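Text of the file query.txt, holding compact mmCIF, C-alpha atoms:
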```
# COMPACT_ATOMS: atom_id res chain seq x y z
CA MET C 1 15.32 15.82 -27.65
CA LEU C 2 14.81 18.95 -29.77
CA ARG C 3 11.15 18.11 -30.28
CA ARG C 4 10.63 17.54 -26.57
CA GLU C 5 12.50 20.66 -25.40
CA TRP C 6 10.75 23.18 -27.69
CA PRO C 7 9.35 25.09 -24.66
CA LEU C 8 12.92 26.15 -23.86
CA LEU C 9 13.25 27.88 -27.24
CA ILE C 10 9.94 29.72 -26.74
CA SER C 11 10.86 30.85 -23.22
CA VAL C 12 14.33 32.06 -24.28
CA VAL C 13 12.93 34.03 -27.24
CA THR C 14 10.18 35.52 -25.07
CA THR C 15 12.70 36.52 -22.40
CA ALA C 16 14.93 38.20 -24.98
CA LEU C 17 12.00 40.10 -26.50
CA PHE C 18 10.68 41.39 -23.19
CA TYR C 19 14.09 42.49 -21.96
CA ALA C 20 14.73 44.27 -25.24
CA LEU C 21 11.29 45.77 -25.84
CA GLY C 22 9.42 45.34 -22.55
CA GLU C 23 9.90 48.92 -21.37
CA ARG C 24 8.28 50.19 -24.57
CA TRP C 25 5.50 47.59 -24.47
CA PHE C 26 4.66 48.36 -20.83
CA ALA C 27 4.72 52.14 -21.30
CA ASP C 28 0.96 52.27 -21.89
CA LEU C 29 -1.26 49.46 -20.58
CA SER C 30 -4.49 51.44 -20.69
CA GLY C 31 -5.76 49.47 -23.69
CA ALA C 32 -7.70 46.44 -22.44
CA PHE C 33 -6.69 44.21 -25.37
CA TRP C 34 -2.97 45.09 -25.14
CA PHE C 35 -2.96 44.60 -21.35
CA ALA C 36 -4.70 41.22 -21.64
CA PHE C 37 -2.41 40.13 -24.50
CA LEU C 38 0.83 40.84 -22.60
CA LEU C 39 -0.48 39.27 -19.39
CA ALA C 40 -1.69 36.15 -21.23
CA TRP C 41 1.59 35.85 -23.18
CA LEU C 42 3.76 36.00 -20.07
CA PHE C 43 1.40 33.76 -18.11
CA ALA C 44 1.39 31.12 -20.86
CA VAL C 45 5.18 31.07 -21.34
CA ILE C 46 5.89 30.88 -17.59
CA LEU C 47 3.33 28.09 -17.25
CA LEU C 48 4.90 26.23 -20.18
CA SER C 49 8.34 26.53 -18.60
CA ALA C 50 7.01 25.45 -15.21
CA PHE C 51 5.55 22.29 -16.76
CA ALA C 52 8.95 21.57 -18.31
CA VAL C 53 10.68 22.07 -14.94
CA VAL C 54 8.25 19.65 -13.31
CA ARG C 55 8.69 17.13 -16.14
CA HIS C 56 12.45 16.94 -15.56
CA ALA C 57 11.96 16.94 -11.78
CA GLU C 58 9.61 13.96 -12.14
CA LYS C 59 12.23 12.08 -14.17
CA LEU C 60 14.72 12.68 -11.38
CA ALA C 61 12.09 11.72 -8.81
CA GLY C 62 11.48 8.37 -10.46
CA ARG C 63 15.21 7.67 -10.76
CA LEU C 64 16.09 8.69 -7.20
CA GLY C 65 13.06 7.10 -5.51
CA GLU C 66 10.84 8.36 -2.70
CA PRO C 67 10.86 10.60 -0.79
CA LEU C 68 14.00 12.27 -2.20
CA GLY C 69 12.52 12.52 -5.69
CA THR C 70 9.39 14.31 -4.51
CA LEU C 71 11.57 16.67 -2.44
CA ILE C 72 13.43 17.76 -5.60
CA LEU C 73 10.12 18.50 -7.29
CA THR C 74 8.86 20.49 -4.30
CA LEU C 75 12.03 22.56 -3.97
CA ALA C 76 12.04 23.36 -7.70
CA VAL C 77 8.47 24.68 -7.54
CA THR C 78 9.15 26.58 -4.30
CA GLY C 79 12.17 28.23 -5.94
CA ILE C 80 9.93 29.51 -8.74
CA GLU C 81 7.40 30.76 -6.20
CA VAL C 82 9.96 32.68 -4.13
CA MET C 83 11.38 34.41 -7.22
CA MET C 84 7.95 35.41 -8.50
CA ILE C 85 6.75 36.72 -5.14
CA ALA C 86 9.92 38.76 -4.67
CA ALA C 87 9.66 40.15 -8.22
CA VAL C 88 6.04 41.26 -7.85
CA MET C 89 6.61 42.70 -4.38
CA TYR C 90 9.47 44.93 -5.42
CA ALA C 91 8.50 45.83 -8.97
CA GLY C 92 6.13 48.48 -7.63
CA GLN C 93 5.08 50.25 -4.47
CA GLY C 94 2.33 49.17 -2.14
CA ASN C 95 2.97 45.43 -2.41
CA SER C 96 4.03 44.79 1.19
CA ALA C 97 1.18 42.30 1.66
CA PHE C 98 1.67 40.45 -1.63
CA ALA C 99 3.81 37.69 -0.09
CA ARG C 100 1.13 37.06 2.54
CA ASP C 101 -1.61 36.87 -0.12
CA ALA C 102 0.43 34.52 -2.30
CA MET C 103 1.34 32.19 0.56
CA PHE C 104 -2.23 32.11 1.84
CA ALA C 105 -3.37 31.34 -1.72
CA VAL C 106 -0.88 28.45 -1.88
CA VAL C 107 -2.24 27.02 1.38
CA MET C 108 -5.84 27.32 0.18
CA ILE C 109 -5.13 25.90 -3.29
CA VAL C 110 -3.04 22.99 -2.01
CA MET C 111 -4.80 22.03 1.21
CA ASN C 112 -8.33 22.58 -0.05
CA GLY C 113 -8.48 22.72 -3.84
CA MET C 114 -5.86 20.15 -4.83
CA ILE C 115 -6.22 17.78 -1.89
CA GLY C 116 -9.99 17.94 -2.30
CA LEU C 117 -9.80 17.22 -6.03
CA ALA C 118 -7.29 14.40 -5.54
CA LEU C 119 -9.46 12.73 -2.89
CA VAL C 120 -12.64 13.13 -4.95
CA LEU C 121 -11.18 11.82 -8.22
CA GLY C 122 -9.23 9.07 -6.48
CA GLY C 123 -12.25 8.10 -4.40
CA LEU C 124 -14.56 7.96 -7.41
CA ARG C 125 -12.18 5.59 -9.19
CA HIS C 126 -10.92 3.49 -6.26
CA HIS C 127 -13.62 4.01 -3.55
CA GLU C 128 -11.09 4.16 -0.70
CA GLN C 129 -7.37 4.86 -0.84
CA ASN C 130 -4.50 4.13 1.54
CA TYR C 131 -1.50 6.23 2.48
CA ASN C 132 1.05 6.34 5.30
CA LEU C 133 -0.65 8.09 8.22
CA GLN C 134 2.62 8.84 10.02
CA GLY C 135 3.97 10.77 7.05
CA ALA C 136 0.87 12.96 6.68
CA ASN C 137 0.89 13.68 10.42
CA ALA C 138 4.56 14.66 10.23
CA PHE C 139 3.73 17.20 7.51
CA LEU C 140 0.82 18.64 9.52
CA ALA C 141 2.86 18.76 12.73
CA VAL C 142 5.07 21.39 11.09
CA ILE C 143 2.51 23.09 8.82
CA VAL C 144 -0.02 23.88 11.56
CA PRO C 145 2.22 25.79 14.01
CA LEU C 146 4.18 27.60 11.28
CA ALA C 147 1.01 28.69 9.47
CA VAL C 148 -0.46 30.12 12.66
CA LEU C 149 2.79 31.78 13.76
CA CYS C 150 3.43 33.34 10.35
CA LEU C 151 -0.07 34.34 9.22
CA VAL C 152 -2.07 34.82 12.44
CA LEU C 153 0.32 35.84 15.22
CA PRO C 154 1.44 39.15 13.58
CA ASN C 155 -2.08 40.51 14.15
CA PHE C 156 -1.59 40.27 17.91
CA THR C 157 2.00 41.38 18.47
CA VAL C 158 2.52 44.95 19.69
CA SER C 159 6.26 45.51 19.15
CA SER C 160 5.64 46.84 15.64
CA PRO C 161 2.62 48.65 14.17
CA GLY C 162 0.05 46.73 12.17
CA PRO C 163 0.11 43.03 11.25
CA THR C 164 3.91 42.93 11.05
CA PHE C 165 6.84 41.52 13.02
CA SER C 166 9.55 43.52 14.74
CA THR C 167 13.15 42.91 13.67
CA LEU C 168 13.79 40.52 16.57
CA GLN C 169 10.57 38.61 15.90
CA ALA C 170 11.34 38.39 12.18
CA VAL C 171 14.87 37.07 12.81
CA PHE C 172 13.54 34.52 15.30
CA LEU C 173 10.86 33.35 12.84
CA VAL C 174 13.40 32.99 10.03
CA ILE C 175 15.71 30.87 12.18
CA MET C 176 12.87 28.79 13.63
CA SER C 177 11.26 28.13 10.23
CA LEU C 178 14.52 27.01 8.65
CA ALA C 179 15.46 24.92 11.70
CA LEU C 180 12.10 23.15 11.76
CA TYR C 181 12.28 22.46 8.03
CA GLY C 182 15.82 21.13 8.45
CA VAL C 183 14.66 18.73 11.17
CA PHE C 184 11.74 17.67 8.98
CA LEU C 185 14.06 16.95 6.02
CA ALA C 186 16.27 14.82 8.26
CA ILE C 187 13.22 12.86 9.40
CA GLN C 188 11.89 12.55 5.84
CA ASN C 189 15.06 11.44 4.11
CA LEU C 190 17.12 9.76 6.83
CA ARG C 191 15.77 8.71 10.20
CA HIS C 192 12.12 7.94 9.35
CA ARG C 193 12.14 7.66 5.58
CA ASP C 194 9.55 4.85 5.74
CA TYR C 195 6.92 7.33 7.02
CA PHE C 196 6.73 8.84 3.53
CA ILE C 197 6.51 5.62 1.55
CA ALA C 198 3.19 3.97 0.73
CA PRO C 199 2.33 0.93 2.86
CA GLY C 200 3.81 -2.15 1.22
CA ALA C 201 6.00 -0.17 -1.18
CA SER C 202 9.79 -0.14 -1.15
CA GLY C 203 10.33 3.45 -2.28
CA GLN C 204 13.48 2.33 -4.11
CA ALA C 205 14.80 4.10 -7.17
CA ASP C 206 13.48 2.92 -10.52
CA ALA C 207 16.33 2.07 -12.87
CA HIS C 208 14.00 2.00 -15.90
CA VAL C 209 12.15 5.34 -15.82
CA GLU C 210 10.58 5.94 -19.22
CA GLY C 211 12.44 8.65 -21.14
CA PHE C 212 15.17 8.98 -18.49
CA ARG C 213 18.65 9.79 -19.83
CA SER C 214 20.94 10.70 -16.94
CA ILE C 215 20.86 12.68 -13.71
CA PRO C 216 23.15 15.45 -15.06
CA PHE C 217 21.10 15.68 -18.28
CA HIS C 218 17.79 16.25 -16.50
CA GLY C 219 19.40 18.41 -13.82
CA VAL C 220 20.91 20.80 -16.37
CA LEU C 221 17.67 21.04 -18.37
CA LEU C 222 15.67 21.61 -15.19
CA ILE C 223 17.85 24.63 -14.41
CA ALA C 224 17.73 25.77 -18.05
CA HIS C 225 13.93 25.82 -18.01
CA LEU C 226 13.91 27.45 -14.56
CA LEU C 227 16.06 30.46 -15.50
CA PRO C 228 13.56 32.03 -17.98
CA VAL C 229 10.82 31.70 -15.36
CA VAL C 230 12.94 33.66 -12.89
CA LEU C 231 13.76 36.32 -15.49
CA LEU C 232 10.18 36.65 -16.73
CA ALA C 233 8.80 36.95 -13.19
CA LYS C 234 9.94 40.58 -13.09
CA GLN C 235 8.15 41.25 -16.38
CA LEU C 236 4.94 39.57 -15.18
CA ALA C 237 5.03 41.79 -12.10
CA VAL C 238 4.31 44.89 -14.21
CA PRO C 239 0.83 43.92 -15.53
CA ILE C 240 -0.09 42.31 -12.19
CA ASN C 241 0.73 45.51 -10.30
CA TYR C 242 -1.06 47.55 -12.95
CA GLY C 243 -4.18 45.40 -12.63
CA ILE C 244 -4.23 45.69 -8.84
CA HIS C 245 -3.51 49.40 -8.47
CA VAL C 246 -4.84 51.00 -11.64
CA LEU C 247 -7.75 48.73 -12.54
CA HIS C 248 -8.67 48.31 -8.84
CA ALA C 249 -8.74 44.51 -8.97
CA PRO C 250 -9.06 42.71 -5.60
CA PRO C 251 -5.62 42.90 -3.90
CA ALA C 252 -5.66 39.15 -3.15
CA LEU C 253 -6.16 38.33 -6.85
CA GLY C 254 -2.49 38.93 -7.64
CA GLY C 255 -1.39 36.40 -5.03
CA LEU C 256 -3.98 33.92 -6.29
CA LEU C 257 -2.74 34.24 -9.90
CA VAL C 258 0.89 33.70 -8.95
CA ALA C 259 0.05 30.75 -6.68
CA ALA C 260 -2.12 29.11 -9.36
CA LEU C 261 0.58 29.62 -11.99
CA VAL C 262 3.31 28.10 -9.86
CA LEU C 263 1.25 25.20 -8.51
CA CYS C 264 -0.48 24.15 -11.74
CA PRO C 265 2.15 21.68 -13.06
CA GLU C 266 2.80 20.17 -9.63
CA SER C 267 -0.94 19.82 -9.01
CA VAL C 268 -1.43 17.97 -12.29
CA GLY C 269 1.17 15.43 -11.17
CA ALA C 270 -0.52 15.02 -7.80
CA ILE C 271 -3.95 14.49 -9.39
CA ARG C 272 -2.53 11.91 -11.82
CA ALA C 273 -0.93 10.06 -8.90
CA ALA C 274 -4.23 9.96 -6.98
CA GLN C 275 -6.08 8.62 -10.03
CA ALA C 276 -3.40 5.92 -10.43
CA ASN C 277 -4.06 4.90 -6.80
CA GLU C 278 -0.69 6.33 -5.69
CA LEU C 279 -2.17 8.54 -2.99
CA GLN C 280 1.06 8.54 -0.97
CA ARG C 281 2.90 10.32 -3.78
CA SER C 282 0.02 12.78 -4.08
CA VAL C 283 0.13 13.50 -0.33
CA ASN C 284 3.92 13.92 -0.42
CA ILE C 285 3.68 16.40 -3.30
CA LEU C 286 0.80 18.50 -1.97
CA LEU C 287 1.58 18.65 1.75
CA GLY C 288 5.27 18.98 0.89
CA SER C 289 4.47 21.98 -1.28
CA ALA C 290 2.45 23.67 1.47
CA LEU C 291 5.20 23.01 4.01
CA ALA C 292 7.99 24.29 1.75
CA THR C 293 5.99 27.43 0.96
CA ILE C 294 5.59 28.35 4.61
CA SER C 295 9.03 27.15 5.78
CA LEU C 296 11.09 28.67 2.95
CA THR C 297 9.11 31.49 1.33
CA ILE C 298 8.37 33.39 4.52
CA PRO C 299 12.03 33.38 5.68
CA ALA C 300 13.12 34.48 2.20
CA VAL C 301 10.62 37.34 2.14
CA LEU C 302 11.46 38.42 5.69
CA VAL C 303 15.18 38.45 4.89
CA ILE C 304 14.52 40.61 1.82
CA GLY C 305 12.46 42.94 3.99
CA LEU C 306 15.22 43.19 6.61
CA VAL C 307 17.92 43.85 4.01
CA THR C 308 15.94 46.45 2.06
CA GLY C 309 14.15 48.02 5.03
CA ARG C 310 10.79 47.23 3.41
CA GLU C 311 7.73 46.58 5.60
CA ILE C 312 6.39 43.03 5.22
CA VAL C 313 2.73 42.56 6.15
CA LEU C 314 2.03 38.95 7.16
CA GLY C 315 -1.08 38.97 9.35
CA LEU C 316 -4.33 37.88 7.68
CA ASP C 317 -7.59 39.76 8.15
CA ALA C 318 -10.33 38.26 10.32
CA VAL C 319 -12.18 36.50 7.47
CA ASN C 320 -9.07 34.79 6.12
CA MET C 321 -7.91 33.84 9.62
CA ILE C 322 -11.17 31.93 10.06
CA LEU C 323 -10.63 30.19 6.71
CA LEU C 324 -7.04 29.27 7.62
CA VAL C 325 -7.92 27.88 11.06
CA LEU C 326 -10.87 25.96 9.57
CA THR C 327 -8.63 24.53 6.83
CA LEU C 328 -6.02 23.37 9.33
CA ALA C 329 -8.69 21.82 11.57
CA VAL C 330 -10.37 19.97 8.68
CA SER C 331 -6.98 18.78 7.41
CA THR C 332 -6.16 17.21 10.76
CA LEU C 333 -9.51 15.37 10.64
CA THR C 334 -8.97 14.27 7.03
CA PHE C 335 -5.56 12.79 7.83
CA ALA C 336 -6.62 11.22 11.12
CA SER C 337 -7.36 7.93 9.36
CA ALA C 338 -5.18 5.94 6.96
CA ARG C 339 -8.05 5.62 4.46
CA THR C 340 -9.72 8.41 2.49
CA ASN C 341 -12.96 8.70 0.53
CA VAL C 342 -14.98 11.10 -1.63
CA LEU C 343 -16.71 12.83 1.32
CA LEU C 344 -13.43 14.11 2.75
CA GLY C 345 -12.45 15.52 -0.63
CA ALA C 346 -15.83 17.23 -1.06
CA VAL C 347 -15.41 19.09 2.25
CA HIS C 348 -12.03 20.46 1.15
CA LEU C 349 -13.40 21.52 -2.24
CA LEU C 350 -16.23 23.39 -0.49
CA LEU C 351 -13.69 25.35 1.57
CA PHE C 352 -11.73 26.16 -1.59
CA LEU C 353 -14.82 27.50 -3.32
CA ALA C 354 -15.55 29.63 -0.24
CA TYR C 355 -12.02 31.06 -0.49
CA LEU C 356 -12.49 31.92 -4.18
CA MET C 357 -15.81 33.62 -3.47
CA LEU C 358 -14.29 35.69 -0.66
CA VAL C 359 -11.43 36.87 -2.88
CA PHE C 360 -13.99 38.82 -4.92
CA ASP C 361 -16.60 39.53 -2.23
CA THR C 362 -15.31 39.64 1.34
```
Just dump the structure as structure tokens.
Amino acid sequence: MLRREWPLLISVVTTALFYALGERWFADLSGAFWFAFLLAWLFAVILLSAFAVVRHAEKLAGRLGEPLGTLILTLAVTGIEVMMIAAVMYAGQGNSAFARDAMFAVVMIVMNGMIGLALVLGGLRHHEQNYNLQGANAFLAVIVPLAVLCLVLPNFTVSSPGPTFSTLQAVFLVIMSLALYGVFLAIQNLRHRDYFIAPGASGQADAHVEGFRSIPFHGVLLIAHLLPVVLLAKQLAVPINYGIHVLHAPPALGGLLVAALVLCPESVGAIRAAQANELQRSVNILLGSALATISLTIPAVLVIGLVTGREIVLGLDAVNMILLVLTLAVSTLTFASARTNVLLGAVHLLLFLAYLMLVFDT
């Protein structure tokens, strides 16, 4: 166990060092090497901890069966994302649009980059792959309206200035997002659980998961690995804000970095599942992550904004609105058939590359 849990020691030591000496270390970030070193150190340790969180979540997922197991994994990753977005937003001034950039980055990475890569790699190995069409459509039925309401509608409301929501609109969106996600969870785990299980599979818990010890054991270690990530998020916010405001990096780059950091371990699991011809698990992980990001992160950020009186910018600019609408339209076409192939994945990867290009050159 000690050999396997060594990332916990590294993350705890790193957290202690940054809370003891971080103020001194961050006092002068003008040196390129020192700035890059601190950013890389924090990035690597948070990524290491995130992989450990996902590892324990996957053990629980295998033991509890689908779709409950995948839900635990998704909620763990979403918890990390919310904490990191909140930390970066409020560690410095002028970050009112950071939550929007990070959530849009999650949607682009998941629904274009990761889904595209999973379909391409799975298609190359297995030609065509099957999944439960009803489950994918249930995900999209909630993702599409929430994404448009949260990231497009604020550009057209007039009750508050700019691409923001008024207090009444924000409260309504928080309640509606949580209510819709609650209904979805009831459908996923109770009433229509079979929608999210691969055709012909039972989805039952596996009593012989390799390396599994006990539910309390993996639950406690999952939380233990999660805590340093939450604590280090505030430290990571300092070099990210410095890079955006002092070095004049593209504003959307900060959101992209946080989204990539949070999604990396989960994405690896989804890609492995697709290569093992378990496309249903891959779909559950990826679409579940996109749905949880929109349904939970936006309410959390809006509540923080209401409590602190901070303006929260949600509306995308015209270029990114086109990318979002195009992504949602292509996703509905991709998941209109119960069989996937390489071509569908290639289209999603093309959209992801377009997003990356536009981050640096709009």
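Computed from the coordinates, the atom CA of C:Leu185 to atom CA of C:Val283 distance equals 15.7 Å.
Counting from atom CA of C:Pro228, the distance to atom CA of C:Thr15 is 6.4 Å.
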Counting all atoms listed in the file, which residues come within 10 Å of (-1.3, 31.2, 0.0), with the point read in the file's coordinates, and could you list them as a ChimeraX atom specification?
-> /C:98-111,151,252,255-256,258-260,290,293-294,324
Written file, previous selection with C-alpha atoms, as an mmCIF file, in the coordinates of the input:
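What ended up in out04.cif:
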```cif
data_model
loop_
_atom_site.group_PDB
_atom_site.id
_atom_site.type_symbol
_atom_site.label_atom_id
_atom_site.label_comp_id
_atom_site.auth_asym_id
_atom_site.auth_seq_id
_atom_site.Cartn_x
_atom_site.Cartn_y
_atom_site.Cartn_z
ATOM 1 C CA PHE C 98 1.670 40.450 -1.630
ATOM 2 C CA ALA C 99 3.810 37.690 -0.090
ATOM 3 C CA ARG C 100 1.130 37.060 2.540
ATOM 4 C CA ASP C 101 -1.610 36.870 -0.120
ATOM 5 C CA ALA C 102 0.430 34.520 -2.300
ATOM 6 C CA MET C 103 1.340 32.190 0.560
ATOM 7 C CA PHE C 104 -2.230 32.110 1.840
ATOM 8 C CA ALA C 105 -3.370 31.340 -1.720
ATOM 9 C CA VAL C 106 -0.880 28.450 -1.880
ATOM 10 C CA VAL C 107 -2.240 27.020 1.380
ATOM 11 C CA MET C 108 -5.840 27.320 0.180
ATOM 12 C CA ILE C 109 -5.130 25.900 -3.290
ATOM 13 C CA VAL C 110 -3.040 22.990 -2.010
ATOM 14 C CA MET C 111 -4.800 22.030 1.210
ATOM 15 C CA LEU C 151 -0.070 34.340 9.220
ATOM 16 C CA ALA C 252 -5.660 39.150 -3.150
ATOM 17 C CA GLY C 255 -1.390 36.400 -5.030
ATOM 18 C CA LEU C 256 -3.980 33.920 -6.290
ATOM 19 C CA VAL C 258 0.890 33.700 -8.950
ATOM 20 C CA ALA C 259 0.050 30.750 -6.680
ATOM 21 C CA ALA C 260 -2.120 29.110 -9.360
ATOM 22 C CA ALA C 290 2.450 23.670 1.470
ATOM 23 C CA THR C 293 5.990 27.430 0.960
ATOM 24 C CA ILE C 294 5.590 28.350 4.610
ATOM 25 C CA LEU C 324 -7.040 29.270 7.620
#
```
Of the listed residues C:Leu64, C:Met176, C:Leu323, C:Leu253, that which approaches C:Ile240 most closely, counting all atoms listed in the file =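 Among the listed residues, the smallest separation from C:Ile240 belongs to C:Leu253.
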Which is closest to C:Ser337 among C:Ala32, C:Ala136, C:Leu149, C:Leu42, if we use all atoms listed in the file?
->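 Using all atoms listed in the file, the shortest distance to C:Ser337 belongs to C:Ala136.
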What's the 9 Å shell around stretch 46-48 of chain C, counting only C-alpha atoms, without same-chain residues fewer than 4 positions away, as JSON, numbers by chain?
-> {"C": [7, 8, 10, 11, 41, 42, 52, 53, 228, 229, 230, 232, 233, 261, 262, 264, 265]}
May I have the centre and edge lengths, in Å to one decimal, of an axis-aligned box around the listed atoms of stretch 19-23 of chain C with 3 Å added to every side, as JSON?
```
{"center_x": 12.1, "center_y": 45.7, "center_z": -23.6, "size_x": 11.3, "size_y": 12.4, "size_z": 10.5}
```
Kindly extract all protein, DNA and RNA residues lying within 12 Å of the coordinates (8.0, 18.2, -13.6) given in the file, considering all atoms listed in the file, and supply them as JSON, numbers by chain.
-> {"C": [47, 48, 49, 50, 51, 52, 53, 54, 55, 56, 57, 58, 59, 60, 61, 62, 69, 70, 71, 72, 73, 74, 75, 76, 77, 218, 219, 221, 222, 223, 225, 226, 262, 263, 264, 265, 266, 267, 268, 269, 270, 285]}
Which residues, written as a PyMOL selection string, have at least one atom at most 8 Å from C:Thr164, with only C-alpha atoms counted and residues fewer than 5 positions away on the same chain left out?
-> chain C and resi 154-155+157+311-315
Pull C-alpha atoms from the residues just selected and write them as a short mmCIF file (atom, residue, chain, number, x, y, z; two decimals), in the coordinates of the input.
```
data_model
loop_
_atom_site.label_atom_id
_atom_site.label_comp_id
_atom_site.auth_asym_id
_atom_site.auth_seq_id
_atom_site.Cartn_x
_atom_site.Cartn_y
_atom_site.Cartn_z
CA PRO C 154 1.44 39.15 13.58
CA ASN C 155 -2.08 40.51 14.15
CA THR C 157 2.00 41.38 18.47
CA GLU C 311 7.73 46.58 5.60
CA ILE C 312 6.39 43.03 5.22
CA VAL C 313 2.73 42.56 6.15
CA LEU C 314 2.03 38.95 7.16
CA GLY C 315 -1.08 38.97 9.35
#
```
List the neighbours of C:Phe156 out to 12 Å using only C-alpha atoms; skip same-chain residues closer than 3 positions along the sequence, and give me the result as a VMD selection string.
-> chain C and resid 148 to 153 159 to 165 314 to 318
Might you pull out every residue within 8 Å of C:Val142, with all atoms listed in the file counted and same-chain residues fewer than 3 positions away left off, and present them as a list in words?
-> Ala138, Phe139, Pro145, Leu146, Leu180, Tyr181, Phe184 and Leu291 of chain C
With only C-alpha atoms as the atoms that count, which of C:Ala147, C:Ala300, C:Leu124, C:Val220 lies nearest to C:Gln275?
-> C:Leu124
Would you mind telling me which residue in C:Val330, C:Ala97, C:Met114, C:Val158 lies nearest to C:Leu353 when using all atoms listed in the file?
-> C:Met114
In terms of all atoms listed in the file, the residue from C:Met83, C:Leu231, C:Leu328, C:Val359 at minimal distance from C:Leu287 is C:Leu328
Close residues, C:Tyr242 itself excluded, 10 Å, all atoms listed in the file, min 5 positions apart in chain, as a CSV table (one decimal) with C-alpha atoms, in the coordinates of the input:
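Done, and the output landed in selection-v8.csv:
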```csv
chain,number,residue,atom,x,y,z
C,26,PHE,CA,4.7,48.4,-20.8
C,29,LEU,CA,-1.3,49.5,-20.6
C,30,SER,CA,-4.5,51.4,-20.7
C,35,PHE,CA,-3.0,44.6,-21.4
C,92,GLY,CA,6.1,48.5,-7.6
C,237,ALA,CA,5.0,41.8,-12.1
C,247,LEU,CA,-7.8,48.7,-12.5
C,248,HIS,CA,-8.7,48.3,-8.8
C,249,ALA,CA,-8.7,44.5,-9.0
```
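Going from atom CA of C:Ile175 to atom CA of C:Pro299 covers 7.9 Å.
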Between C:Ala292, C:Leu68, C:Val325, C:Ala179, smallest distance to C:Arg193 by only C-alpha atoms belongs to C:Leu68
